[in-house]
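**Student:** I have a structure here, written as structure tokens, and I will follow up with some questions on it.
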Protein chains: 8
Amino acid sequence: MKKIMVVMGSKSDMPVAEKVEAILKEFEVPYEIEVASAHRNPPKVEAIAKREDVDIFIAIAGLSAALPGVIASHTVKPVIGVPVSGKVNLDSILSIVQMPPGIPVAAVGLDNGKNAALLAIEMLAMKYPELAGKLREYREKMR
Amino acid sequence: MKKIMVVMGSKSDMPVAEKVEAILKEFEVPYEIEVASAHRNPPKVEAIAKREDVDIFIAIAGLSAALPGVIASHTVKPVIGVPVSGKVNLDSILSIVQMPPGIPVAAVGLDNGKNAALLAIEMLAMKYPELAGKLREYREKMR
Amino acid sequence: MKKIMVVMGSKSDMPVAEKVEAILKEFEVPYEIEVASAHRNPPKVEAIAKREDVDIFIAIAGLSAALPGVIASHTVKPVIGVPVSGKVNLDSILSIVQMPPGIPVAAVGLDNGKNAALLAIEMLAMKYPELAGKLREYREKMR
Amino acid sequence: MKKIMVVMGSKSDMPVAEKVEAILKEFEVPYEIEVASAHRNPPKVEAIAKREDVDIFIAIAGLSAALPGVIASHTVKPVIGVPVSGKVNLDSILSIVQMPPGIPVAAVGLDNGKNAALLAIEMLAMKYPELAGKLREYREKMR
Amino acid sequence: MKKIMVVMGSKSDMPVAEKVEAILKEFEVPYEIEVASAHRNPPKVEAIAKREDVDIFIAIAGLSAALPGVIASHTVKPVIGVPVSGKVNLDSILSIVQMPPGIPVAAVGLDNGKNAALLAIEMLAMKYPELAGKLREYREKMR
Amino acid sequence: MKKIMVVMGSKSDMPVAEKVEAILKEFEVPYEIEVASAHRNPPKVEAIAKREDVDIFIAIAGLSAALPGVIASHTVKPVIGVPVSGKVNLDSILSIVQMPPGIPVAAVGLDNGKNAALLAIEMLAMKYPELAGKLREYREKMR
Amino acid sequence: MKKIMVVMGSKSDMPVAEKVEAILKEFEVPYEIEVASAHRNPPKVEAIAKREDVDIFIAIAGLSAALPGVIASHTVKPVIGVPVSGKVNLDSILSIVQMPPGIPVAAVGLDNGKNAALLAIEMLAMKYPELAGKLREYREKMR
Amino acid sequence: MKKIMVVMGSKSDMPVAEKVEAILKEFEVPYEIEVASAHRNPPKVEAIAKREDVDIFIAIAGLSAALPGVIASHTVKPVIGVPVSGKVNLDSILSIVQMPPGIPVAAVGLDNGKNAALLAIEMLAMKYPELAGKLREYREKMR
């Protein structure tokens with residue numbers, strides 16, 4: 001199993017990244033976390049997007065949240081986008097949801113790092129069936 | 001490879017489903033299309049959500065677009081939600097994006113059946129590497 | 001008189017449920033309160049929706065507020081939906097108001113548990129005229 | 001059984017009223033339709049709101065859709081509000097949903113006269129059980 | 001000179017009414033303040049709207065802010081509406097701005113009691129020219 | 001009686017100005033219509049705003065609808081603002097409603113030239129009581 | 001004088017690009033037009049953003065309009081962003097306006113290619129004063 | 001090099017102006033800060049807009065944020081508009097972005113004084129190449 005790569009657009013997005021991390025740890029899925037702004041450091045984002053040791057990207061960003069889309073523009077691996085709340089909220093939600101035809105991003109809810117991680121694990125579970133079992137147990141506990 | 005199950009909330013969502021279908025055909029991925037409303041026919045939706053022969057769900061719905069979330073409530077397989085445009089648009093977008101923590105849905109853009117299909121194929125490509133090659137070719141052609 | 005069934009999508013919705021409860025107690029209408037998430041525990045929601053001892057459902061939910069609609073999908077009894085406030089607000093309002101044709105939900109205002117309870121009592125008053133009298137007295141006191 | 005009173009704020013709301021009428025006819029529920037603007041003719045609206053021969057009001061209005069609320073201010077019988085679409089849409093939706101605590105209105109979706117009628121019949125079915133049977137049949141046919 | 005009648009939909013709107021009052025006192029314009037909810041006490045609102053000793057109404061209301069429109073429905077004197085802020089804000093703004101053709105309300109900004117008072121004084125200044133002078137002085141001081 | 005000065009921000013606002021004109025003609029109130037953009041021709045707007053022969057301004061504008069506010073910045077006479085519909089609508093509505101404290105504008109609804117004219121006549125009717133009678137007749141006919 | 005580089009995210013943005021072109025031709029400013037999607041062809045966008053023969057970029061894009069921001073991430077030359085209208089409109093507007101601190105984009109109005117071009121010429125006029133004269137003439141003609 | 005003129009619509013906008021100032025100081029660009037409300041003091045705004053010693057204007061305003069547009073109406077020099085946050089936010093954003101064709105304003109993000117200053121410096125850097133070098137260094141440090 002390769003890594004899930006968690007990328008934040010800014011250090012201030014850490015509380016959302018920590019929700020991602022909590023789930024990935026609980027499911028014992030390998031991951032790595034980086035801060036890399038799509039706008040301030042595009043070469044770093046491109047380098048991350050092209051890493052061979054990654055299965056899925058989780059990109060966390062607020063405002064005009066270009067990060068998930070920019071990663072998606074450099075890879076054909078699944079990219080999950082997490083909009084971060086701020087003064088407007090519709091900005092980050094719509095920037096992540098309304099991707100142009102041809103370059104998909106999987107948007108989850110505002111600040112919803114937990115769902116980003118669970119969605120990534122659901123994707124991995126197609127290949128690693130033991131994760132499907134863990135997901136079913138997790139659902140049971142949530143009830 | 002199992003099926004991608006495409007579910008529409010209403011027959012009127014067919015133009016969006018056809019965008020999904022065009023991509024799935026082009027990538028030669030097995031799929032099936034059904035009409036099943038989360039609100040009008042919950043047993044049918046539940047039955048579809050529990051089918052063993054499915055890898056990924058693509059759920060297409062407008063208005064208070066509950067379909068992707070209802071499918072997600074019955075399965076731990078990945079569910080992609082496509083909001084359908086109407087008189088308000090923020091209704092279907094927010095209904096699909098703003099899922100509660102614990103039950104993820106991967107939202108794509110309004111009427112963006114193409115991205116739903118491509119996202120599904122990106123997920124499958126983790127397990128079936130030949131699809132990754134096709135995705136890269138597809139990207140090349142799009143440029 | 002059967003019960004009014006008050007269902008919250010999450011324990012965090014309790015402050016809104018308490019507004020419902022205060023009115024139902026004041027009018028001495030029998031009720032029961034449950035926590036049952038449409039997305040996390042659909043069988044529980046379905047079981048609640050099919051209970052014979054219920055006259056009216058009041059469903060309280062935030063974010064992509066599917067709970068009222070999911071209950072409505074399993075019953076032909078009246079379902080009142082109360083959107084709960086959060087970071088976006090239009091998400092829960094529109095998810096509850098914009099139900100598809102055929103499956104009605106009666107939406108009240110954001111966090112407005114009081115109106116949900118009063119609306120339920122107005123419905124019951126068609127059958128139990130003493131409640132109409134109490135409602136008129138309540139209105140008088142409010143002036 | 002008393003009447004369901006359908007009130008439109010303007011003659012231009014007739015297409016929505018016709019959706020209400022189609023359902024009420026199908027269920028053989030007595031009704032009456034009137035045009036009465038809350039803003040242009042408050043005495044007529046007040047007189048309608050106080051009619052003894054009415055069980056439930058369905059009020060249809062666009063823009064700053066005060067009609068359902070004004071009827072509700074004159075009666076303790078259930079009032080269902082149907083927002084009518086226009087250039088803004090959030091105006092009529094929010095005007096009808098966001099009623100102040102104490103005076104409930106049951107909001108349904110934009111232009112959704114069908115759901116207004118079905119909701120009214122669900123309310124009546126508490127008292128007239130034969131309607132519950134018809135509602136269940138109607139649901140069956142919809143699937 | 002008759003009175004400016006300031007009406008609040010709820011006691012909680014008092015901070016906005018106090019902004020109105022501060023200006024009316026500064027300009028020495030006679031006024032009166034009342035609490036009267038359009039939805040909870042329509043007869044009181046109607047009685048206020050029909051008072052002979054009033055020149056202009058200032059109606060302050062939040063949520064589905066029907067108060068200015070209901071007053072306007074009972075009088076042909078100018079009615080100024082002040083939307084009050086809350087969890088949604090677009091609800092009170094749009095409810096007051098989007099009046100139907102035929103029944104005007106003069107909307108001012110959210111919580112902007114000061115502008116409501118100044119607008120009322122501008123109207124009176126057509127008849128009482130000394131107020132125009134005071135308004136010009138006030139503008140000078142503001143610079 | 002002085003004039004009501006009707007100012008459009010652009011020739012394309014003429015359909016809204018014609019609704020104003022129809023009412024002013026019906027009430028036999030003197031008026032004049034000009035096209036003057038707040039942004040493209042500020043000296044003309046300033047000159048209009050300072051005209052002595054005007055009682056009330058009606059300013060019609062779309063997009064970032066600065067015209068009513070710019071006129072109000074140059075006069076202490078009442079200014080009525082009419083937002084014009086376009087691709088966004090909330091732009092012109094909010095630009096006209098959300099004036100800063102100290103410089104009032106009386107906002108009416110989107111494209112609602114009729115209400116702008118009626119509001120102006122209501123203001124004039126404080127000084128010219130015969131207009132109050134005409135307004136009451138007009139209301140009667142509307143019912 | 002270097003070029004103004006006009007970049008469209010999609011061929012369907014051509015009507016907006018033509019508004020840009022008409023102004024640039026009228027002012028005899030050198031320019032070039034390219035189609036290059038930020039999401040579908042990031043290397044092309046990066047190459048364009050790094051061209052030495054360009055003074056100012058005008059980037060035209062709809063939906064999640066990342067193009068202006070992506071160009072800005074690769075250059076310290078001024079980037080003007082033009083949101084293109086679609087089914088939502090707030091998506092492209094907010095995606096372009098709400099750039100993160102550090103990477104500016106100059107947003108103009110929806111579909112407002114004319115203002116993008118004029119803004120670019122205003123920037124050039126600081127260095128090439130003859131353009132300032134032409135801009136003043138253009139303003140005169142517009143009045 | 002002439003000045004960058006920073007204009008606030010209200011003293012309360014100072015926190016945003018300070019973000020502008022911090023950048024301009026860091027880049028050693030001459031500037032001046034003034035408070036001048038477009039609505040309360042149009043002659044002062046006009047006088048500022050016509051100053052000869054200014055290269056670029058940065059106008060900061062909330063609510064119906066007319067200031068950038070009013071300055072732009074009096075000059076053909078570049079005007080950068082910074083919307084200030086408040087209770088609605090879409091009001092100041094849309095008032096600044098949605099300028100009519102012919103009079104451009106360069107909108108930056110909500111409260112984003114930093115980007116306004118950087119954008120101004122990018123414009124100056126066309127004429128003063130040493131600023132381009134500083135901008136590139138600044139970008140490097142941000143990574």
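All residue names refer to the structure tokens as shown: chains lettered A, B, ... in order, residues numbered from 1 in each chain, ligands numbered from 1 in order.
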Using only C-alpha atoms and a cut-off of 8 Å, which residues of chain B sit close to chain A? Please list them as a PDB file with N, CA, C and O atoms, in the first residue's frame.
**Tutor:**
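After the write, out09.pdb holds the following:
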ATOM      1  N   ASP B  55     -18.567  -1.828  -7.524  1.00  0.00           N
ATOM      2  CA  ASP B  55     -17.353  -1.286  -6.912  1.00  0.00           C
ATOM      3  C   ASP B  55     -17.554   0.148  -6.424  1.00  0.00           C
ATOM      4  O   ASP B  55     -17.065   0.530  -5.369  1.00  0.00           O
ATOM      5  N   VAL B  76     -20.161   0.914   2.456  1.00  0.00           N
ATOM      6  CA  VAL B  76     -18.867   1.564   2.703  1.00  0.00           C
ATOM      7  C   VAL B  76     -18.040   1.633   1.409  1.00  0.00           C
ATOM      8  O   VAL B  76     -16.845   1.927   1.448  1.00  0.00           O
ATOM      9  N   LYS B  77     -18.697   1.383   0.297  1.00  0.00           N
ATOM     10  CA  LYS B  77     -18.014   1.590  -0.982  1.00  0.00           C
ATOM     11  C   LYS B  77     -18.069   3.074  -1.368  1.00  0.00           C
ATOM     12  O   LYS B  77     -18.945   3.797  -0.913  1.00  0.00           O
ATOM     13  N   PRO B  78     -17.150   3.517  -2.215  1.00  0.00           N
ATOM     14  CA  PRO B  78     -17.151   4.945  -2.571  1.00  0.00           C
ATOM     15  C   PRO B  78     -18.425   5.355  -3.306  1.00  0.00           C
ATOM     16  O   PRO B  78     -18.900   4.621  -4.186  1.00  0.00           O
ATOM     17  N   ILE B  80     -19.992   8.655  -5.360  1.00  0.00           N
ATOM     18  CA  ILE B  80     -19.745   9.950  -6.002  1.00  0.00           C
ATOM     19  C   ILE B  80     -21.095  10.608  -6.237  1.00  0.00           C
ATOM     20  O   ILE B  80     -22.003   9.979  -6.790  1.00  0.00           O
ATOM     21  N   VAL B  97     -22.568  18.201  -0.953  1.00  0.00           N
ATOM     22  CA  VAL B  97     -21.247  18.477  -0.363  1.00  0.00           C
ATOM     23  C   VAL B  97     -21.267  18.366   1.162  1.00  0.00           C
ATOM     24  O   VAL B  97     -20.347  17.811   1.762  1.00  0.00           O
ATOM     25  N   GLN B  98     -22.317  18.896   1.779  1.00  0.00           N
ATOM     26  CA  GLN B  98     -22.265  19.083   3.220  1.00  0.00           C
ATOM     27  C   GLN B  98     -22.705  17.855   4.027  1.00  0.00           C
ATOM     28  O   GLN B  98     -23.457  17.984   5.010  1.00  0.00           O
ATOM     29  N   MET B  99     -22.196  16.691   3.668  1.00  0.00           N
ATOM     30  CA  MET B  99     -22.516  15.450   4.388  1.00  0.00           C
ATOM     31  C   MET B  99     -21.976  15.514   5.835  1.00  0.00           C
ATOM     32  O   MET B  99     -20.950  16.124   6.080  1.00  0.00           O
ATOM     33  N   PRO B 100     -22.646  14.863   6.753  1.00  0.00           N
ATOM     34  CA  PRO B 100     -22.176  14.886   8.144  1.00  0.00           C
ATOM     35  C   PRO B 100     -20.928  14.029   8.316  1.00  0.00           C
ATOM     36  O   PRO B 100     -20.701  13.078   7.552  1.00  0.00           O
ATOM     37  N   PRO B 101     -20.115  14.365   9.317  1.00  0.00           N
ATOM     38  CA  PRO B 101     -18.899  13.569   9.576  1.00  0.00           C
ATOM     39  C   PRO B 101     -19.239  12.090   9.782  1.00  0.00           C
ATOM     40  O   PRO B 101     -20.166  11.764  10.531  1.00  0.00           O
ATOM     41  N   GLY B 102     -18.525  11.234   9.093  1.00  0.00           N
ATOM     42  CA  GLY B 102     -18.715   9.794   9.261  1.00  0.00           C
ATOM     43  C   GLY B 102     -19.209   9.096   8.015  1.00  0.00           C
ATOM     44  O   GLY B 102     -18.947   7.907   7.828  1.00  0.00           O
ATOM     45  N   ILE B 103     -19.951   9.808   7.197  1.00  0.00           N
ATOM     46  CA  ILE B 103     -20.524   9.200   5.982  1.00  0.00           C
ATOM     47  C   ILE B 103     -20.106  10.044   4.786  1.00  0.00           C
ATOM     48  O   ILE B 103     -20.795  10.980   4.383  1.00  0.00           O
ATOM     49  N   PRO B 104     -18.978   9.702   4.165  1.00  0.00           N
ATOM     50  CA  PRO B 104     -18.486  10.558   3.080  1.00  0.00           C
ATOM     51  C   PRO B 104     -19.234  10.372   1.769  1.00  0.00           C
ATOM     52  O   PRO B 104     -19.689   9.264   1.459  1.00  0.00           O
ATOM     53  N   VAL B 105     -19.365  11.455   1.035  1.00  0.00           N
ATOM     54  CA  VAL B 105     -19.751  11.434  -0.371  1.00  0.00           C
ATOM     55  C   VAL B 105     -18.728  12.286  -1.105  1.00  0.00           C
ATOM     56  O   VAL B 105     -18.312  13.330  -0.596  1.00  0.00           O
ATOM     57  N   ALA B 106     -18.337  11.841  -2.292  1.00  0.00           N
ATOM     58  CA  ALA B 106     -17.401  12.605  -3.119  1.00  0.00           C
ATOM     59  C   ALA B 106     -18.207  13.459  -4.081  1.00  0.00           C
ATOM     60  O   ALA B 106     -18.742  12.954  -5.058  1.00  0.00           O
ATOM     61  N   ALA B 107     -18.306  14.757  -3.805  1.00  0.00           N
ATOM     62  CA  ALA B 107     -19.102  15.630  -4.663  1.00  0.00           C
ATOM     63  C   ALA B 107     -18.286  16.111  -5.850  1.00  0.00           C
ATOM     64  O   ALA B 107     -17.132  16.495  -5.700  1.00  0.00           O
ATOM     65  N   VAL B 108     -18.925  16.113  -7.023  1.00  0.00           N
ATOM     66  CA  VAL B 108     -18.329  16.774  -8.182  1.00  0.00           C
ATOM     67  C   VAL B 108     -19.229  17.952  -8.557  1.00  0.00           C
ATOM     68  O   VAL B 108     -20.217  18.229  -7.894  1.00  0.00           O
ATOM     69  N   GLY B 109     -18.900  18.660  -9.630  1.00  0.00           N
ATOM     70  CA  GLY B 109     -19.593  19.906  -9.952  1.00  0.00           C
ATOM     71  C   GLY B 109     -20.997  19.716 -10.523  1.00  0.00           C
ATOM     72  O   GLY B 109     -21.384  18.618 -10.944  1.00  0.00           O
ATOM     73  N   LEU B 110     -21.712  20.794 -10.582  1.00  0.00           N
ATOM     74  CA  LEU B 110     -23.097  20.819 -11.055  1.00  0.00           C
ATOM     75  C   LEU B 110     -23.199  20.239 -12.468  1.00  0.00           C
ATOM     76  O   LEU B 110     -22.525  20.727 -13.391  1.00  0.00           O
ATOM     77  N   ASN B 112     -21.961  17.761 -13.668  1.00  0.00           N
ATOM     78  CA  ASN B 112     -20.666  17.349 -14.197  1.00  0.00           C
ATOM     79  C   ASN B 112     -20.487  15.823 -14.175  1.00  0.00           C
ATOM     80  O   ASN B 112     -19.623  15.263 -13.486  1.00  0.00           O
ATOM     81  N   LYS B 114     -19.301  13.996 -16.442  1.00  0.00           N
ATOM     82  CA  LYS B 114     -17.998  13.599 -16.963  1.00  0.00           C
ATOM     83  C   LYS B 114     -16.977  13.424 -15.828  1.00  0.00           C
ATOM     84  O   LYS B 114     -16.265  12.418 -15.762  1.00  0.00           O
ATOM     85  N   ASN B 115     -16.938  14.388 -14.931  1.00  0.00           N
ATOM     86  CA  ASN B 115     -15.973  14.280 -13.835  1.00  0.00           C
ATOM     87  C   ASN B 115     -16.313  13.151 -12.863  1.00  0.00           C
ATOM     88  O   ASN B 115     -15.406  12.522 -12.298  1.00  0.00           O
ATOM     89  N   ALA B 116     -17.604  12.878 -12.690  1.00  0.00           N
ATOM     90  CA  ALA B 116     -17.985  11.745 -11.841  1.00  0.00           C
ATOM     91  C   ALA B 116     -17.409  10.454 -12.410  1.00  0.00           C
ATOM     92  O   ALA B 116     -16.828   9.629 -11.684  1.00  0.00           O
ATOM     93  N   LEU B 118     -14.854  10.108 -14.559  1.00  0.00           N
ATOM     94  CA  LEU B 118     -13.385  10.112 -14.518  1.00  0.00           C
ATOM     95  C   LEU B 118     -12.872   9.859 -13.101  1.00  0.00           C
ATOM     96  O   LEU B 118     -11.880   9.152 -12.907  1.00  0.00           O
ATOM     97  N   LEU B 119     -13.567  10.411 -12.117  1.00  0.00           N
ATOM     98  CA  LEU B 119     -13.162  10.175 -10.730  1.00  0.00           C
ATOM     99  C   LEU B 119     -13.306   8.685 -10.377  1.00  0.00           C
ATOM    100  O   LEU B 119     -12.423   8.090  -9.734  1.00  0.00           O
ATOM    101  N   GLU B 122     -10.433   6.903 -11.906  1.00  0.00           N
ATOM    102  CA  GLU B 122      -9.205   7.141 -11.131  1.00  0.00           C
ATOM    103  C   GLU B 122      -9.139   6.220  -9.903  1.00  0.00           C
ATOM    104  O   GLU B 122      -8.072   5.739  -9.523  1.00  0.00           O
ATOM    105  N   MET B 123     -10.312   6.009  -9.288  1.00  0.00           N
ATOM    106  CA  MET B 123     -10.335   5.108  -8.129  1.00  0.00           C
ATOM    107  C   MET B 123     -10.010   3.669  -8.561  1.00  0.00           C
ATOM    108  O   MET B 123      -9.200   2.995  -7.936  1.00  0.00           O
ATOM    109  N   LEU B 124     -10.657   3.233  -9.645  1.00  0.00           N
ATOM    110  CA  LEU B 124     -10.415   1.876 -10.137  1.00  0.00           C
ATOM    111  C   LEU B 124      -8.960   1.686 -10.572  1.00  0.00           C
ATOM    112  O   LEU B 124      -8.410   0.587 -10.472  1.00  0.00           O
ATOM    113  N   ALA B 125      -8.352   2.751 -11.045  1.00  0.00           N
ATOM    114  CA  ALA B 125      -6.989   2.649 -11.585  1.00  0.00           C
ATOM    115  C   ALA B 125      -5.965   2.284 -10.515  1.00  0.00           C
ATOM    116  O   ALA B 125      -4.870   1.817 -10.834  1.00  0.00           O
ATOM    117  N   MET B 126      -6.320   2.495  -9.236  1.00  0.00           N
ATOM    118  CA  MET B 126      -5.410   2.042  -8.174  1.00  0.00           C
ATOM    119  C   MET B 126      -5.244   0.526  -8.230  1.00  0.00           C
ATOM    120  O   MET B 126      -4.177  -0.004  -7.969  1.00  0.00           O
ATOM    121  N   LYS B 127      -6.348  -0.153  -8.569  1.00  0.00           N
ATOM    122  CA  LYS B 127      -6.336  -1.619  -8.610  1.00  0.00           C
ATOM    123  C   LYS B 127      -6.034  -2.148 -10.013  1.00  0.00           C
ATOM    124  O   LYS B 127      -5.425  -3.204 -10.166  1.00  0.00           O
ATOM    125  N   ALA B 132      -4.953   3.528 -15.471  1.00  0.00           N
ATOM    126  CA  ALA B 132      -4.117   4.720 -15.258  1.00  0.00           C
ATOM    127  C   ALA B 132      -3.491   5.167 -16.567  1.00  0.00           C
ATOM    128  O   ALA B 132      -3.434   6.365 -16.883  1.00  0.00           O
ATOM    129  N   LEU B 135      -6.091   6.872 -18.597  1.00  0.00           N
ATOM    130  CA  LEU B 135      -6.379   8.214 -18.073  1.00  0.00           C
ATOM    131  C   LEU B 135      -5.307   9.208 -18.523  1.00  0.00           C
ATOM    132  O   LEU B 135      -5.624  10.343 -18.883  1.00  0.00           O
ATOM    133  N   ARG B 136      -4.061   8.743 -18.496  1.00  0.00           N
ATOM    134  CA  ARG B 136      -2.992   9.649 -18.940  1.00  0.00           C
ATOM    135  C   ARG B 136      -3.143  10.006 -20.430  1.00  0.00           C
ATOM    136  O   ARG B 136      -2.964  11.153 -20.823  1.00  0.00           O
ATOM    137  N   ARG B 139      -5.933  12.539 -20.781  1.00  0.00           N
ATOM    138  CA  ARG B 139      -5.453  13.878 -20.409  1.00  0.00           C
ATOM    139  C   ARG B 139      -4.648  14.509 -21.548  1.00  0.00           C
ATOM    140  O   ARG B 139      -4.774  15.695 -21.833  1.00  0.00           O
ATOM    141  N   MET B 142      -6.840  15.858 -24.183  1.00  0.00           N
ATOM    142  CA  MET B 142      -7.610  17.039 -23.756  1.00  0.00           C
ATOM    143  C   MET B 142      -6.833  18.334 -23.900  1.00  0.00           C
ATOM    144  O   MET B 142      -7.410  19.406 -23.974  1.00  0.00           O
TER     145      MET B 142
END
**Student:** Pick out each residue of range 26-122 of chain F that DSSP on the backbone tags as strand (DSSP E or B); I need them as a ChimeraX atom specification.
**Tutor:** /F:31-35,54-61,79-83,106-107
**Student:** Would you mind listing what lies within 7 Å of range 34-50 of chain H as a ChimeraX atom specification, with only C-alpha atoms counted and same-chain residues fewer than 4 positions away left out?
**Tutor:** /E:142-143 /F:69-70,73,103 /H:6-11,66-67,70-71,74-75
**Student:** Counting only C-alpha atoms, what is within 10 Å of Ser12 in chain E, bar same-chain residues fewer than 4 positions away, as a VMD selection string?
**Tutor:** chain E and resid 8 16 to 17 35 61 to 62 84
**Student:** Could you pull out the residues in chain B that DSSP calls alpha helix (DSSP H) from the backbone, as a PyMOL selection string?
**Tutor:** chain B and resi 14-26+42-49+67-73+90-97+113-125+129-142
**Student:** CA of Ala72 in chain A and CA of Pro129 in chain A, how far apart in Å?
**Tutor:** 26.0 Å
**Student:** What does the distance from CA of Glu130 in chain D to CA of Tyr31 in chain D come to in Å, to one decimal?
**Tutor:** 17.5 Å
**Student:** Expressed in Å to a single decimal, how great is the separation between CA of Ile4 in chain C and CA of Leu24 in chain C?
**Tutor:**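 Between CA of Ile4 in chain C and CA of Leu24 in chain C the gap is 8.6 Å.
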